[in-house]
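Some notes on the structure that comes next.
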Amino acid sequence: MNDDDTKLKKIGKDIVKAADYLKDDLLVVFPTETVYGIGANALKSNAVEKIFKAKHRPSDNPLIVHISNYDMLNDIVDNVSEIEKSIMDKFWPGPISLILNKKEGIFPNNVTAGLDTVAVRMPKNNIALEIIDKCNFPIAAPSANVSSRPSGTNIEDIYEELKDNVSYFVDDLESNIGLESTVVRVINNEIIILRPGYITVEDLKTITDNVRLDENVITKVKSDSKVLSPGMKHKHYAPNVSCSLIKFKEVNDILSIIENNEKVALLLTNDNIIKLDKEIVSNKYPNVKIINLGMSLEDVSKNLFKSLRKLNNLDVDIAYIQSFEFSGLGVGIMNRLIRACEYREIDV
Ligand code: TXA
Ligand code: MG
């Protein structure tokens, strides 16, 4: 079979086929409302091992386990607190993962990287929920991308990097939200956000006032520090092009740091693109390419990873990405951008 035929056969909407592969301990990429997941039977060590291999994922970084109903939850975790229950009642199915106490003797060591806890999520995507229902076991699924690359929000972006290790890709077009789930842990009745996402601090404050962002969400983690979530330590979301965040008062100020013939990409929201002086750009900076991140923060969240991946094919040497305010959904967006830019930021 040639590559095109294989691709046609490997991508589809067949939920039964997806569940059958998962039951055979094989890998399936499937949609969720946040990003695509690369899934395997969370209860089988050999199946989970394939995820780590396909992603080149460090073995100390545990996976999120996806469930479709509360019976499954009760089978895998112990001592769910009132606050944790309230979070589930309010936001599940939905884009939030909780770090819970795992039941002994259920999970192979690799799913949780040997921790006493497990990250659990009930996704809000009917295809995902039906696949989990058909399997009738929890599905471990990190974001569908090779580790350190931007997460996958459509099949076309990730097919090549994962095809050799994945048996089937379930297609559901673009992911709705585009940022991975908010990850929280509740300790002593306080909700600690380990990874910000679509469910924000403000959303969680409707449950208790006692909510905080972990300090490592927006700062660089020191290599010797102890973290509540191993993923915080690893390199993330980086495209092949070197990126920097850029802070400006007036969008045209960006031009002051660009050399005339420099091949540069600018990732800006629609309102800033409108304000950019197109005549100066096309006359003086012929090698500047512009990527539109959209109108609202929701658009930016949805377009972010896709836009970072676009940079790989754009023939530019550097990308400047506009900074966002650290509030609401902006916290999740900045958490990803800071890492994609490997902590580089320029003030113009
Ligand atoms: O939206 C999402 O969460 C997507 C979709 C597919 O559901 N999944 C996802 O998985 O983003 P992943 O593996 O890319 O991110 C999981 C994060 C990592 O930062 C990991 O360190 C953290 O959750 N994590 C997993 N288990 C943990 C645990 N027991 N304690 C602390 N952090 C944990
Ligand atoms: Mg990931």
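Order determines the names: the first chain of the structure tokens is A, the second B, and so forth; residues in each chain are numbered 1 upward, and ligands are numbered 1 upward as they are shown.
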Taking the DSSP secondary structure from the backbone, can you list the residues of range 84-326 of chain A that are strand (DSSP E or B), as a VMD selection string? chain A and resid 96 to 102 117 to 121 139 to 140 143 168 to 170 182 to 187 190 to 195 211 to 213 242 to 247 264 to 268 288 to 292 318 to 322
Protein and nucleic residues near ligand 2, 8 Å, only C-alpha atoms and all ligand atoms, as a PDB file with N, CA, C and O atoms, in the first residue's frame:
ATOM      1  N   PRO A 142      -2.108  11.472  26.882  1.00  0.00           N
ATOM      2  CA  PRO A 142      -1.482  12.794  26.845  1.00  0.00           C
ATOM      3  C   PRO A 142      -1.850  13.480  25.536  1.00  0.00           C
ATOM      4  O   PRO A 142      -2.469  12.868  24.654  1.00  0.00           O
ATOM      5  N   SER A 143      -1.462  14.730  25.408  1.00  0.00           N
ATOM      6  CA  SER A 143      -1.726  15.436  24.154  1.00  0.00           C
ATOM      7  C   SER A 143      -1.008  14.718  23.007  1.00  0.00           C
ATOM      8  O   SER A 143       0.077  14.168  23.175  1.00  0.00           O
ATOM      9  N   ALA A 144      -1.668  14.723  21.838  1.00  0.00           N
ATOM     10  CA  ALA A 144      -1.152  13.966  20.690  1.00  0.00           C
ATOM     11  C   ALA A 144      -0.110  14.786  19.945  1.00  0.00           C
ATOM     12  O   ALA A 144      -0.432  15.573  19.051  1.00  0.00           O
ATOM     13  N   ASN A 145       1.136  14.629  20.359  1.00  0.00           N
ATOM     14  CA  ASN A 145       2.273  15.320  19.737  1.00  0.00           C
ATOM     15  C   ASN A 145       3.516  14.667  20.276  1.00  0.00           C
ATOM     16  O   ASN A 145       3.480  14.062  21.356  1.00  0.00           O
ATOM     17  N   SER A 147       6.786  14.793  22.304  1.00  0.00           N
ATOM     18  CA  SER A 147       7.112  15.634  23.470  1.00  0.00           C
ATOM     19  C   SER A 147       7.946  16.838  23.051  1.00  0.00           C
ATOM     20  O   SER A 147       8.816  16.721  22.184  1.00  0.00           O
ATOM     21  N   SER A 148       7.656  17.947  23.680  1.00  0.00           N
ATOM     22  CA  SER A 148       8.299  19.253  23.488  1.00  0.00           C
ATOM     23  C   SER A 148       7.759  20.015  22.277  1.00  0.00           C
ATOM     24  O   SER A 148       8.012  21.197  22.120  1.00  0.00           O
ATOM     25  N   PRO A 150       4.442  21.582  19.909  1.00  0.00           N
ATOM     26  CA  PRO A 150       3.094  22.074  20.226  1.00  0.00           C
ATOM     27  C   PRO A 150       2.063  20.935  20.191  1.00  0.00           C
ATOM     28  O   PRO A 150       2.178  20.008  19.381  1.00  0.00           O
ATOM     29  N   SER A 151       1.059  21.002  21.062  1.00  0.00           N
ATOM     30  CA  SER A 151       0.017  19.968  21.103  1.00  0.00           C
ATOM     31  C   SER A 151      -0.768  19.961  19.798  1.00  0.00           C
ATOM     32  O   SER A 151      -0.846  20.973  19.106  1.00  0.00           O
ATOM     33  N   GLU A 180      -4.699  22.621  26.398  1.00  0.00           N
ATOM     34  CA  GLU A 180      -4.973  21.441  27.199  1.00  0.00           C
ATOM     35  C   GLU A 180      -5.706  21.825  28.488  1.00  0.00           C
ATOM     36  O   GLU A 180      -5.678  22.984  28.904  1.00  0.00           O
ATOM     37  N   HIS A 236       8.491  22.475  26.470  1.00  0.00           N
ATOM     38  CA  HIS A 236       7.140  22.332  25.935  1.00  0.00           C
ATOM     39  C   HIS A 236       6.862  23.226  24.750  1.00  0.00           C
ATOM     40  O   HIS A 236       7.364  24.347  24.686  1.00  0.00           O
TER      41      HIS A 236
END
With only C-alpha atoms and all ligand atoms counted and 6 Å as the cut-off, give the residues of chain A in contact with ligand 1, each with its shortest interatomic distance in Å and the pair that gives it, as JSON lines.
{"residue": "A:Thr34", "atom": "CA", "partner": "ligand 1", "partner_atom_place_in_ligand_line": "1 (O)", "distance": 4.8}
{"residue": "A:Val35", "atom": "CA", "partner": "ligand 1", "partner_atom_place_in_ligand_line": "5 (C)", "distance": 5.4}
{"residue": "A:Tyr36", "atom": "CA", "partner": "ligand 1", "partner_atom_place_in_ligand_line": "6 (C)", "distance": 5.2}
{"residue": "A:Gly37", "atom": "CA", "partner": "ligand 1", "partner_atom_place_in_ligand_line": "6 (C)", "distance": 3.5}
{"residue": "A:Asn61", "atom": "CA", "partner": "ligand 1", "partner_atom_place_in_ligand_line": "21 (O)", "distance": 4.9}
{"residue": "A:Pro62", "atom": "CA", "partner": "ligand 1", "partner_atom_place_in_ligand_line": "26 (N)", "distance": 4.3}
{"residue": "A:Leu63", "atom": "CA", "partner": "ligand 1", "partner_atom_place_in_ligand_line": "25 (C)", "distance": 4.5}
{"residue": "A:Ile64", "atom": "CA", "partner": "ligand 1", "partner_atom_place_in_ligand_line": "25 (C)", "distance": 5.1}
{"residue": "A:Ile99", "atom": "CA", "partner": "ligand 1", "partner_atom_place_in_ligand_line": "29 (N)", "distance": 5.6}
{"residue": "A:Thr112", "atom": "CA", "partner": "ligand 1", "partner_atom_place_in_ligand_line": "29 (N)", "distance": 5.5}
{"residue": "A:Leu115", "atom": "CA", "partner": "ligand 1", "partner_atom_place_in_ligand_line": "29 (N)", "distance": 6.0}
{"residue": "A:Thr117", "atom": "CA", "partner": "ligand 1", "partner_atom_place_in_ligand_line": "29 (N)", "distance": 4.4}
{"residue": "A:Val118", "atom": "CA", "partner": "ligand 1", "partner_atom_place_in_ligand_line": "29 (N)", "distance": 4.0}
{"residue": "A:Ala119", "atom": "CA", "partner": "ligand 1", "partner_atom_place_in_ligand_line": "26 (N)", "distance": 4.3}
{"residue": "A:Ala141", "atom": "CA", "partner": "ligand 1", "partner_atom_place_in_ligand_line": "6 (C)", "distance": 5.3}
{"residue": "A:Pro142", "atom": "CA", "partner": "ligand 1", "partner_atom_place_in_ligand_line": "10 (O)", "distance": 3.3}
{"residue": "A:Ser143", "atom": "CA", "partner": "ligand 1", "partner_atom_place_in_ligand_line": "14 (O)", "distance": 4.1}
{"residue": "A:Glu180", "atom": "CA", "partner": "ligand 1", "partner_atom_place_in_ligand_line": "1 (O)", "distance": 3.4}
{"residue": "A:Ser181", "atom": "CA", "partner": "ligand 1", "partner_atom_place_in_ligand_line": "1 (O)", "distance": 3.6}
{"residue": "A:Leu228", "atom": "CA", "partner": "ligand 1", "partner_atom_place_in_ligand_line": "31 (C)", "distance": 5.6}
{"residue": "A:Ser229", "atom": "CA", "partner": "ligand 1", "partner_atom_place_in_ligand_line": "32 (N)", "distance": 3.6}
{"residue": "A:Pro230", "atom": "CA", "partner": "ligand 1", "partner_atom_place_in_ligand_line": "21 (O)", "distance": 4.2}
{"residue": "A:Gly231", "atom": "CA", "partner": "ligand 1", "partner_atom_place_in_ligand_line": "21 (O)", "distance": 3.2}
{"residue": "A:Met232", "atom": "CA", "partner": "ligand 1", "partner_atom_place_in_ligand_line": "19 (O)", "distance": 5.9}
Do you know which residues are at most 7 Å from Lys284 in chain A counting only C-alpha atoms, after dropping those on the same chain fewer than 3 positions away, and could you put them as an MDAnalysis selection string? chainID A and resid 260 280:281
DSSP on the backbone: what in range 119-320 of chain A comes out alpha helix (DSSP H), as a ChimeraX atom specification? /A:126-135,155-162,201-204,270-275,278-284,297-310
Pro196 in chain A: which residues within 8 Å, counting only C-alpha atoms, same-chain residues fewer than 5 positions away excluded, as an NGL selection string? :A and (181-183 or 213 or 217 or 331-332 or 335)
Write out as number ranges by chain which residues come within 7 Å of Leu268 in chain A when counting only C-alpha atoms, dropping same-chain ones fewer than 5 positions away. A: 273, 291-293, 321-322
Keeping only C-alpha atoms, write the selected residues as a PDB file, in the first residue's frame.
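Printed below is out.pdb as written:
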ATOM      1  CA  ILE A 273      -2.905  43.535  12.538  1.00  0.00           C
ATOM      2  CA  ILE A 291      -0.091  35.135  11.386  1.00  0.00           C
ATOM      3  CA  ASN A 292      -3.502  36.173  12.639  1.00  0.00           C
ATOM      4  CA  LEU A 293      -4.275  34.774  16.098  1.00  0.00           C
ATOM      5  CA  ILE A 321       4.505  36.665  19.461  1.00  0.00           C
ATOM      6  CA  GLN A 322       2.461  39.315  21.207  1.00  0.00           C
TER       7      GLN A 322
END
